[in-house]
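Report on the following structure.
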Amino acid sequence: MVALSGIEEERKRLDAIDGKYKGWKKREVKLSQTESELISQEEEVQQLYEEYIAKRTAEEALYHSFCEGQAYELGKELVEGDLCPVCGSVAHPQLAKMPDAYVTEEEWKKSQTARDTAHQLWQQKKETY
């Protein structure tokens with residue numbers, strides 16, 4: 001009976017160890033899943049950031065082209081001897097040329113909206129991550 005009692009005690013001890021082992025395995029699986037989700041979230045934040053930077057760069061280029069177009073339009077109306085509405089000069093030795101890419105205010109405003117939307121998406125994702 002004493003030998004049987006020792007075996008039962010050992011079985012209980014091994015069952016307890018087995019239970020702990022299974023618990024650790026479950027935690028390991030959960031940790032691995034969480035790590036994968038975190039990596040996925042990081043990648044999504046990075047992708048949204050890159051999209052925002054691309055939209056910001058495009059908006060800046062469109063704004064520059066829009067300003068060039070506005071300078072060209074203003075220059076077309078200048079008359080030698082009349083005051084420039086921008087700087088007040090009466091001499092206009094070098095007028096702005098027509099830009100290669102003539103951007104309307106509407107196109108520029110759309111690019112601002114796209115930039116702002118991309119920025120908001122990036123910020124929201126970054127805050128929830």
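FYI, nothing fancy with the structure tokens labels: chains A, B, ... in order, residues from 1 per chain, ligands from 1 as they appear.
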- Message: Please list as a list of chain:residue names every residue within 10 Å of His92 (chain A), counting only C-alpha atoms and excluding residues in the same chain fewer than 6 positions away.
- Response: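 Contacts, in chain order: A:Gly75, A:Leu78, A:Val79, A:Glu80, A:Gly81, A:Asp82, A:Leu83, A:Cys84.
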How would the residues just picked look written out with N, CA, C and O atoms as a PDB file, in the first residue's frame?
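Final file, part.pdb:
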ATOM      1  N   GLY A  75       1.048  88.286 -64.222  1.00  0.00           N
ATOM      2  CA  GLY A  75       1.988  88.917 -65.138  1.00  0.00           C
ATOM      3  C   GLY A  75       1.366  89.293 -66.470  1.00  0.00           C
ATOM      4  O   GLY A  75       1.752  90.291 -67.088  1.00  0.00           O
ATOM      5  N   LEU A  78      -0.062  92.827 -66.245  1.00  0.00           N
ATOM      6  CA  LEU A  78       0.790  93.968 -65.931  1.00  0.00           C
ATOM      7  C   LEU A  78       1.077  94.812 -67.161  1.00  0.00           C
ATOM      8  O   LEU A  78       1.254  94.299 -68.266  1.00  0.00           O
ATOM      9  N   VAL A  79       1.133  96.101 -66.923  1.00  0.00           N
ATOM     10  CA  VAL A  79       1.458  97.054 -67.987  1.00  0.00           C
ATOM     11  C   VAL A  79       2.658  97.862 -67.508  1.00  0.00           C
ATOM     12  O   VAL A  79       2.684  98.329 -66.364  1.00  0.00           O
ATOM     13  N   GLU A  80       3.638  97.997 -68.379  1.00  0.00           N
ATOM     14  CA  GLU A  80       4.845  98.744 -68.026  1.00  0.00           C
ATOM     15  C   GLU A  80       4.448 100.158 -67.598  1.00  0.00           C
ATOM     16  O   GLU A  80       3.673 100.826 -68.263  1.00  0.00           O
ATOM     17  N   GLY A  81       4.920 100.549 -66.437  1.00  0.00           N
ATOM     18  CA  GLY A  81       4.604 101.867 -65.890  1.00  0.00           C
ATOM     19  C   GLY A  81       3.493 101.833 -64.841  1.00  0.00           C
ATOM     20  O   GLY A  81       3.389 102.750 -64.040  1.00  0.00           O
ATOM     21  N   ASP A  82       2.651 100.786 -64.867  1.00  0.00           N
ATOM     22  CA  ASP A  82       1.604 100.647 -63.845  1.00  0.00           C
ATOM     23  C   ASP A  82       2.184  99.907 -62.639  1.00  0.00           C
ATOM     24  O   ASP A  82       3.086  99.086 -62.770  1.00  0.00           O
ATOM     25  N   LEU A  83       1.598 100.182 -61.489  1.00  0.00           N
ATOM     26  CA  LEU A  83       2.071  99.534 -60.270  1.00  0.00           C
ATOM     27  C   LEU A  83       1.725  98.042 -60.262  1.00  0.00           C
ATOM     28  O   LEU A  83       0.613  97.655 -60.626  1.00  0.00           O
ATOM     29  N   CYS A  84       2.692  97.245 -59.837  1.00  0.00           N
ATOM     30  CA  CYS A  84       2.461  95.807 -59.637  1.00  0.00           C
ATOM     31  C   CYS A  84       1.639  95.645 -58.366  1.00  0.00           C
ATOM     32  O   CYS A  84       1.999  96.211 -57.327  1.00  0.00           O
TER      33      CYS A  84
END
Using only C-alpha atoms, which residues of region 43-76 of chain A come within 12 Å of region 111-116 of chain A, and what is the closest atom pair for each, with the distance in Å to one decimal? Give it as JSON lines, sorted by chain and residue number.
{"residue": "A:Leu48", "atom": "CA", "partner": "A:Arg115", "partner_atom": "CA", "distance": 11.3}
{"residue": "A:Tyr49", "atom": "CA", "partner": "A:Arg115", "partner_atom": "CA", "distance": 11.0}
{"residue": "A:Glu50", "atom": "CA", "partner": "A:Arg115", "partner_atom": "CA", "distance": 11.4}
{"residue": "A:Glu51", "atom": "CA", "partner": "A:Arg115", "partner_atom": "CA", "distance": 8.8}
{"residue": "A:Tyr52", "atom": "CA", "partner": "A:Arg115", "partner_atom": "CA", "distance": 6.2}
{"residue": "A:Ile53", "atom": "CA", "partner": "A:Arg115", "partner_atom": "CA", "distance": 8.2}
{"residue": "A:Ala54", "atom": "CA", "partner": "A:Arg115", "partner_atom": "CA", "distance": 8.4}
{"residue": "A:Lys55", "atom": "CA", "partner": "A:Arg115", "partner_atom": "CA", "distance": 4.9}
{"residue": "A:Arg56", "atom": "CA", "partner": "A:Arg115", "partner_atom": "CA", "distance": 5.4}
{"residue": "A:Thr57", "atom": "CA", "partner": "A:Arg115", "partner_atom": "CA", "distance": 8.8}
{"residue": "A:Ala58", "atom": "CA", "partner": "A:Ser111", "partner_atom": "CA", "distance": 7.3}
{"residue": "A:Glu59", "atom": "CA", "partner": "A:Ser111", "partner_atom": "CA", "distance": 5.2}
{"residue": "A:Glu60", "atom": "CA", "partner": "A:Gln112", "partner_atom": "CA", "distance": 8.8}
{"residue": "A:Ala61", "atom": "CA", "partner": "A:Ser111", "partner_atom": "CA", "distance": 9.8}
{"residue": "A:Leu62", "atom": "CA", "partner": "A:Ser111", "partner_atom": "CA", "distance": 7.6}
{"residue": "A:Tyr63", "atom": "CA", "partner": "A:Ser111", "partner_atom": "CA", "distance": 8.8}
{"residue": "A:Phe66", "atom": "CA", "partner": "A:Ser111", "partner_atom": "CA", "distance": 11.5}
- Using only C-alpha atoms, determine which residues lie at most 10 Å from region 32-41 of chain A, disregarding the query and same-chain residues fewer than 5 positions distant; provide the list as a PyMOL selection string. chain A and resi 26-27+46-47+125-126+128-129
Print the selection's residues with all heavy atoms to a file, as a PDB file, in the first residue's frame.
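out31.pdb, written as the output of this step:
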ATOM      1  N   LYS A  26      -0.280  27.393 -23.842  1.00  0.00           N
ATOM      2  CA  LYS A  26      -1.383  28.264 -24.269  1.00  0.00           C
ATOM      3  C   LYS A  26      -0.940  29.727 -24.267  1.00  0.00           C
ATOM      4  O   LYS A  26      -1.244  30.474 -25.190  1.00  0.00           O
ATOM      5  CB  LYS A  26      -2.597  28.086 -23.362  1.00  0.00           C
ATOM      6  CG  LYS A  26      -3.361  26.812 -23.592  1.00  0.00           C
ATOM      7  CD  LYS A  26      -4.564  26.723 -22.652  1.00  0.00           C
ATOM      8  CE  LYS A  26      -5.277  25.388 -22.809  1.00  0.00           C
ATOM      9  NZ  LYS A  26      -6.407  25.262 -21.877  1.00  0.00           N
ATOM     10  N   ARG A  27      -0.209  30.106 -23.223  1.00  0.00           N
ATOM     11  CA  ARG A  27       0.292  31.483 -23.134  1.00  0.00           C
ATOM     12  C   ARG A  27       1.275  31.771 -24.258  1.00  0.00           C
ATOM     13  O   ARG A  27       1.299  32.861 -24.817  1.00  0.00           O
ATOM     14  CB  ARG A  27       0.938  31.725 -21.776  1.00  0.00           C
ATOM     15  CG  ARG A  27      -0.053  31.810 -20.647  1.00  0.00           C
ATOM     16  CD  ARG A  27       0.633  32.145 -19.322  1.00  0.00           C
ATOM     17  NE  ARG A  27      -0.281  32.019 -18.213  1.00  0.00           N
ATOM     18  CZ  ARG A  27      -0.377  30.949 -17.426  1.00  0.00           C
ATOM     19  NH1 ARG A  27       0.410  29.913 -17.620  1.00  0.00           N
ATOM     20  NH2 ARG A  27      -1.249  30.913 -16.447  1.00  0.00           N
ATOM     21  N   GLN A  46       3.037  52.073 -40.687  1.00  0.00           N
ATOM     22  CA  GLN A  46       4.108  52.500 -41.589  1.00  0.00           C
ATOM     23  C   GLN A  46       3.567  52.753 -42.999  1.00  0.00           C
ATOM     24  O   GLN A  46       3.929  53.742 -43.638  1.00  0.00           O
ATOM     25  CB  GLN A  46       5.231  51.447 -41.628  1.00  0.00           C
ATOM     26  CG  GLN A  46       6.413  51.839 -42.494  1.00  0.00           C
ATOM     27  CD  GLN A  46       7.127  53.084 -42.020  1.00  0.00           C
ATOM     28  OE1 GLN A  46       7.182  53.372 -40.829  1.00  0.00           O
ATOM     29  NE2 GLN A  46       7.685  53.845 -42.942  1.00  0.00           N
ATOM     30  N   GLN A  47       2.689  51.884 -43.473  1.00  0.00           N
ATOM     31  CA  GLN A  47       2.108  52.061 -44.807  1.00  0.00           C
ATOM     32  C   GLN A  47       1.273  53.351 -44.869  1.00  0.00           C
ATOM     33  O   GLN A  47       1.382  54.109 -45.835  1.00  0.00           O
ATOM     34  CB  GLN A  47       1.233  50.867 -45.166  1.00  0.00           C
ATOM     35  CG  GLN A  47       0.577  51.001 -46.523  1.00  0.00           C
ATOM     36  CD  GLN A  47      -0.394  49.864 -46.824  1.00  0.00           C
ATOM     37  OE1 GLN A  47      -0.524  48.928 -46.049  1.00  0.00           O
ATOM     38  NE2 GLN A  47      -1.071  49.962 -47.945  1.00  0.00           N
ATOM     39  N   LYS A 125      -4.739  55.582 -36.750  1.00  0.00           N
ATOM     40  CA  LYS A 125      -4.166  54.232 -36.634  1.00  0.00           C
ATOM     41  C   LYS A 125      -3.014  54.233 -35.618  1.00  0.00           C
ATOM     42  O   LYS A 125      -2.887  53.311 -34.819  1.00  0.00           O
ATOM     43  CB  LYS A 125      -3.685  53.742 -38.002  1.00  0.00           C
ATOM     44  CG  LYS A 125      -3.290  52.299 -38.009  1.00  0.00           C
ATOM     45  CD  LYS A 125      -4.475  51.444 -37.696  1.00  0.00           C
ATOM     46  CE  LYS A 125      -4.164  49.993 -37.757  1.00  0.00           C
ATOM     47  NZ  LYS A 125      -5.306  49.159 -37.457  1.00  0.00           N
ATOM     48  N   LYS A 126      -2.215  55.282 -35.656  1.00  0.00           N
ATOM     49  CA  LYS A 126      -1.077  55.388 -34.740  1.00  0.00           C
ATOM     50  C   LYS A 126      -1.569  55.464 -33.295  1.00  0.00           C
ATOM     51  O   LYS A 126      -0.977  54.863 -32.406  1.00  0.00           O
ATOM     52  CB  LYS A 126      -0.264  56.634 -35.098  1.00  0.00           C
ATOM     53  CG  LYS A 126       1.081  56.707 -34.442  1.00  0.00           C
ATOM     54  CD  LYS A 126       1.928  57.809 -35.020  1.00  0.00           C
ATOM     55  CE  LYS A 126       1.472  59.147 -34.558  1.00  0.00           C
ATOM     56  NZ  LYS A 126       2.412  60.230 -34.788  1.00  0.00           N
ATOM     57  N   THR A 128      -4.437  54.238 -32.064  1.00  0.00           N
ATOM     58  CA  THR A 128      -5.073  52.986 -31.628  1.00  0.00           C
ATOM     59  C   THR A 128      -4.074  51.847 -31.545  1.00  0.00           C
ATOM     60  O   THR A 128      -4.347  50.820 -30.961  1.00  0.00           O
ATOM     61  CB  THR A 128      -6.233  52.568 -32.565  1.00  0.00           C
ATOM     62  OG1 THR A 128      -5.716  52.378 -33.891  1.00  0.00           O
ATOM     63  CG2 THR A 128      -7.329  53.608 -32.565  1.00  0.00           C
ATOM     64  N   TYR A 129      -2.917  52.016 -32.125  1.00  0.00           N
ATOM     65  CA  TYR A 129      -1.874  50.998 -32.125  1.00  0.00           C
ATOM     66  C   TYR A 129      -1.143  51.118 -30.843  1.00  0.00           C
ATOM     67  O   TYR A 129      -0.974  50.470 -29.992  1.00  0.00           O
ATOM     68  CB  TYR A 129      -0.992  51.209 -33.342  1.00  0.00           C
ATOM     69  CG  TYR A 129       0.430  50.772 -33.210  1.00  0.00           C
ATOM     70  CD1 TYR A 129       0.746  49.432 -33.262  1.00  0.00           C
ATOM     71  CD2 TYR A 129       1.448  51.683 -33.056  1.00  0.00           C
ATOM     72  CE1 TYR A 129       2.056  49.024 -33.175  1.00  0.00           C
ATOM     73  CE2 TYR A 129       2.756  51.283 -32.957  1.00  0.00           C
ATOM     74  CZ  TYR A 129       3.058  49.958 -33.020  1.00  0.00           C
ATOM     75  OH  TYR A 129       4.349  49.526 -32.930  1.00  0.00           O
TER      76      TYR A 129
END
- Message: Using only C-alpha atoms for the distances, tell me which of A:Asp15, A:Glu42, A:Glu10, A:Glu77 is nearest to Glu127 (chain A).
- Response: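 The answer is A:Glu42, which sits nearest to Glu127 (chain A).
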- Item | DSSP helix (DSSP H, G or I) selection over chain A, as a ChimeraX atom specification | /A:2-77,105-128
- Message: Between A:Leu74, A:Cys67, A:Leu121, A:Ile7, which residue has the minimum interatomic distance to Trp108 (chain A), considering only C-alpha atoms?
- Response: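 Of A:Leu74, A:Cys67, A:Leu121, A:Ile7, the one nearest Trp108 (chain A) is A:Cys67, counting only C-alpha atoms.
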- Item | Length of the CA of Cys87 (chain A) to CA of Val103 (chain A) vector [Å] |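 So the answer is 23.5 Å.
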